[in-house]
Amino acid sequence: MSTSSGSGSNVGNGGSAAPALSGTPGRPPVRPSALDRLRASARLRTLVGAALPVGWVTLLLLLPYLFLFAHSFFRLRNGQLTHELTLENYQRLFGTPLYPQTILFSAGVALRVTLASLLLAYPLAYLLAFKVKRHRDLLYMAVIIPLWVSYLVRAYAWKIILGQEGILNGFLKAVGIIDQPLTMLLYSKWAVMLALIHIYTPFTLMPIYAVLEAIPVSFKEASQDLYASRWATFRNVVLPLSLPGVIAGCTFAFVLSMGDFIAPTLLGGNDSALMVSNLVVSLFGVAFNWPLGAAVSVVMLVMTLVLLTLARSIEDRMNYGGQAEGRTGGPGASVGRGTLHA
Amino acid sequence: MTQPILQLQHLTKRFGLGAAAVDDVSLDVAPGEFLTLLGASGSGKTTTLRMIAGFEHPTSGEILMDGQRLTLLPPFKRELNTVFQQYALFPHMSVRDNVGYGLRMRKVARAEIAGRVSQALDMVQLGHLADRAPRQLSGGQQQRVALARALVNRPRVLLLDEPLGALDLKLRKEMQLELKHLNRQLGITFLYVTHDQEEALTMSDRIALMRNGRIEQLSRPREMYEQPVSRYVADFIGETNLLAGTVAADGRGGGQPVSVAVAGLALSALTQRSVRGGDKIFLAIRPEHIRPAEEGEGPNRLPVTVRDVVFTGVVTRVHAVMDGGEALVLHWPAGSSAPESGTRLTVTWDPARGSCVDE
């Protein structure tokens, strides 16, 4: 079973059901049997059931993207949005060093956040899946619960910790390491990365945990039975089987932190302008240059889609089926859908 | 018996504070033997096997292989291999890489690995599927790969944890014979866990029937079938009629005849252990040993009424009730026409075919 079924196949069913329904009157007039009526009503239900999600997706996802896409080709004349089509926005985007640089810088930040999240999340997921027996659910909840707290609150919490009169400075002063509060803590790209790591590590952890937990204990036992030490078992069996979760988790962390604009706004200070999402915010807001903002957004969207497709195809190739199947593509572990709709 | 290859000495395993899963089990396994741990779920047979493999640590007791203490060694340092219940084939490796895994972990030379792997795959007739992924194989084929993956390492002892449980009946019967042949042919000791008594009877040199973490009876299959030591064994192995009765006079045991009162009738049976007059016991008689009596024949005569007659293909089973209401099953002799439901009959059996067993 591939991970690609889901809403996509619903659409397919709905589409193929429609002609079958309308085709019925054309057939020779045979009195419909009870089974036929049952089939017809099942088809109708499929159709209605498919119409709702398809409607949602069109209204809330496809249309906005379409508007965005269209705007990126509109011309701005004297600060007025016109509906003349032009490639100017893209020419300016790629012609001005600021924009590609900002995108690259953001990607660099996102990459570092991703690596740090992975280094934190993998060992923790491993412990949760294999070593913790008694309070596993409790510990898992402890990792997940911060997600229930508003993003803004979590970002502000870092302000309180890192600020000049903040908790960290207070602590360092109290133990005598410093005598003047450090000003470099807050309002730097480091503060932004710290907050992003904190916020997106659970997203990295969840798919890795889901995949690790789905690995049957008997795989590890079989490996040890075949003379593999604990480390060799991890390297040859557990790690390769967990890679789909690692890829899913890293994609979450990368895409979400690359597109983040709240943490840079709150914690980034002067560095915040270096993140591409903040650039988009200011293009749409202060600069009132919607077309250019839309063009930057489209470029980011394309980058994200390429990344997701790549991750998805690697994941599919590693979907070994067999006994761990189904769960590997299960909740949390699938990249393609989850993130796009998030 | 020659020097045992594997010895369990007072092996006990407790999980938490509950009753022992394995309770003071001692067992010697001879080299090349096919020994089956048989029992219902929860009898401790799998836990025993897992302790031998090294996946569980015994609470107390010792495991010895060739006289060497094995008890505390991790699984990867034990000279034995396991065939798992759900095969546990690595899904991210080809069949060939699965089979070669143990040799690779032991750093065997690459050329030798290739040779031994293809030899092992040929042995289970899967040489042509070496490059497939495990999920592309049928259950029976996966089972053979699991077998090859263990046997390629030439272990002294092979542990098998209900390896045929997931296969259909026909395939299971084939594999039973094949396993038996491999055991003979390779001279590897097989320690086999199953809950299927027929499977145990088919393959084993000896059976250890486990109940509540203890070995209830350890004997050759035929002995276990013909001379069960307890009502539990008689009931577990094959089909048995168990008639509650009272011993009429003291018996010395050792296969001597003894008279037992069942529902007011004096019946004769053999007893392995000594009994005293007045002891409450069960008389165990196999359905195939009961037959309709000729006029005036034999010491054991039991009047019954026929309830149902069932033709199963191999035998015709007659379900009857005794006058006191107790059910009795017998296999009707081939070639004679079966009785109608409601017929009154007198049945009999050779006293040597009935055994006294405890509650």
# chains A, B, ... in the order shown; residues from 1 in each chain; ligands from 1

call {"tool": "select_by_dssp", "arguments": {"residues": "segment 210-265 of chain B", "states": "strand (DSSP E or B)", "output": "PyMOL selection string"}}
result
chain B and resi 210-211+214-219+230+241-247+251+256-262+265

call {"tool": "select_by_dssp", "arguments": {"residues": "segment 144-282 of chain B", "states": "alpha helix (DSSP H)", "output": "PyMOL selection string"}}
result
chain B and resi 144-151+169-186+197-203+221-226+231-236

call {"tool": "closest_residue", "arguments": {"among": "B:Gly100, B:Gly325, B:Pro91, B:Gly16", "to": "chain A", "atoms": "only C-alpha atoms"}}
result
B:Pro91

call {"tool": "interface_residues", "arguments": {"of": "chain B", "to": "chain A", "cutoff": "6 Å", "atoms": "only C-alpha atoms", "output": "ChimeraX atom specification"}}
result
/B:75-76,81,88,91-92,102,105,135

call {"tool": "closest_residue", "arguments": {"among": "A:Arg92, A:His83, A:Arg45, A:Arg154", "to": "His71 of chain A", "atoms": "only C-alpha atoms"}}
result
A:His83

call {"tool": "residues_around", "arguments": {"residues": "Ala107 of chain A", "least_positions_apart": "2", "cutoff": "10 Å", "atoms": "only C-alpha atoms", "output": "list in words"}}
result
Gln101, Thr102, Ile103, Leu104, Phe105, Val109, Ala110, Leu111, Arg112, Val113, Phe254, Val255, Ser257, Met258, Gly259, Met275 and Val276 of chain A

call {"tool": "residues_around", "arguments": {"residues": "segment 248-251 of chain A", "least_positions_apart": "3", "cutoff": "8 Å", "atoms": "only C-alpha atoms", "output": "ChimeraX atom specification"}}
result
/A:114-115,117-118,203-208,244-245,254-255,307-308,311,315,333-335

call {"tool": "closest_residue", "arguments": {"among": "B:Pro155, B:Glu174, B:Arg132, B:Leu89", "to": "Lys77 of chain B", "atoms": "only C-alpha atoms"}}
result
B:Pro155

call {"tool": "residues_around", "arguments": {"residues": "segment 262-268 of chain B", "least_positions_apart": "5", "cutoff": "7 Å", "atoms": "only C-alpha atoms", "output": "PyMOL selection string"}}
result
chain B and resi 243-246+257+299-300+324+351

call {"tool": "write_last_selection", "arguments": {"atoms": "C-alpha atoms", "output": "short mmCIF file (atom, residue, chain, number, x, y, z; two decimals), in the first residue's frame"}}
result
data_model
loop_
_atom_site.label_atom_id
_atom_site.label_comp_id
_atom_site.auth_asym_id
_atom_site.auth_seq_id
_atom_site.Cartn_x
_atom_site.Cartn_y
_atom_site.Cartn_z
CA LEU B 243 -14.73 -41.48 33.07
CA ALA B 244 -14.80 -40.45 36.74
CA GLY B 245 -14.44 -43.49 38.98
CA THR B 246 -13.30 -44.89 42.30
CA PRO B 257 -4.32 -54.02 36.29
CA PRO B 299 -14.41 -57.72 31.33
CA ASN B 300 -15.27 -54.14 30.37
CA GLY B 324 -25.87 -41.88 33.96
CA PRO B 351 -8.30 -53.31 29.75
#

call {"tool": "atom_distance", "arguments": {"atom1": "atom CA of Ala148 of chain B", "atom2": "atom CA of Val124 of chain B"}}
result
6.7 Å

call {"tool": "atom_distance", "arguments": {"atom1": "atom CA of Gly115 of chain B", "atom2": "atom CA of Leu182 of chain B"}}
result
19.3 Å

call {"tool": "atom_distance", "arguments": {"atom1": "atom CA of Arg273 of chain B", "atom2": "atom CA of Gly254 of chain B"}}
result
5.8 Å

call {"tool": "residues_around", "arguments": {"residues": "Tyr87 of chain B", "least_positions_apart": "4", "cutoff": "7 Å", "atoms": "only C-alpha atoms", "output": "number ranges by chain"}}
result
B: 83, 142-143, 146

call {"tool": "write_last_selection", "arguments": {"atoms": "C-alpha atoms", "output": "mmCIF file, in the first residue's frame"}}
result
data_model
loop_
_atom_site.group_PDB
_atom_site.id
_atom_site.type_symbol
_atom_site.label_atom_id
_atom_site.label_comp_id
_atom_site.auth_asym_id
_atom_site.auth_seq_id
_atom_site.Cartn_x
_atom_site.Cartn_y
_atom_site.Cartn_z
ATOM 1 C CA VAL B 83 13.144 -19.155 13.861
ATOM 2 C CA GLN B 142 8.950 -16.439 4.057
ATOM 3 C CA GLN B 143 8.926 -19.260 6.544
ATOM 4 C CA ALA B 146 13.549 -17.655 8.076
#

call {"tool": "residues_around", "arguments": {"residues": "Asn278 of chain A", "least_positions_apart": "2", "cutoff": "10 Å", "atoms": "only C-alpha atoms", "output": "list in words"}}
result
Thr102, Gly259, Asp260, Phe261, Ile262, Ala263, Pro264, Thr265, Ser272, Ala273, Leu274, Met275, Val276, Val280, Val281, Ser282, Leu283 and Phe284 of chain A
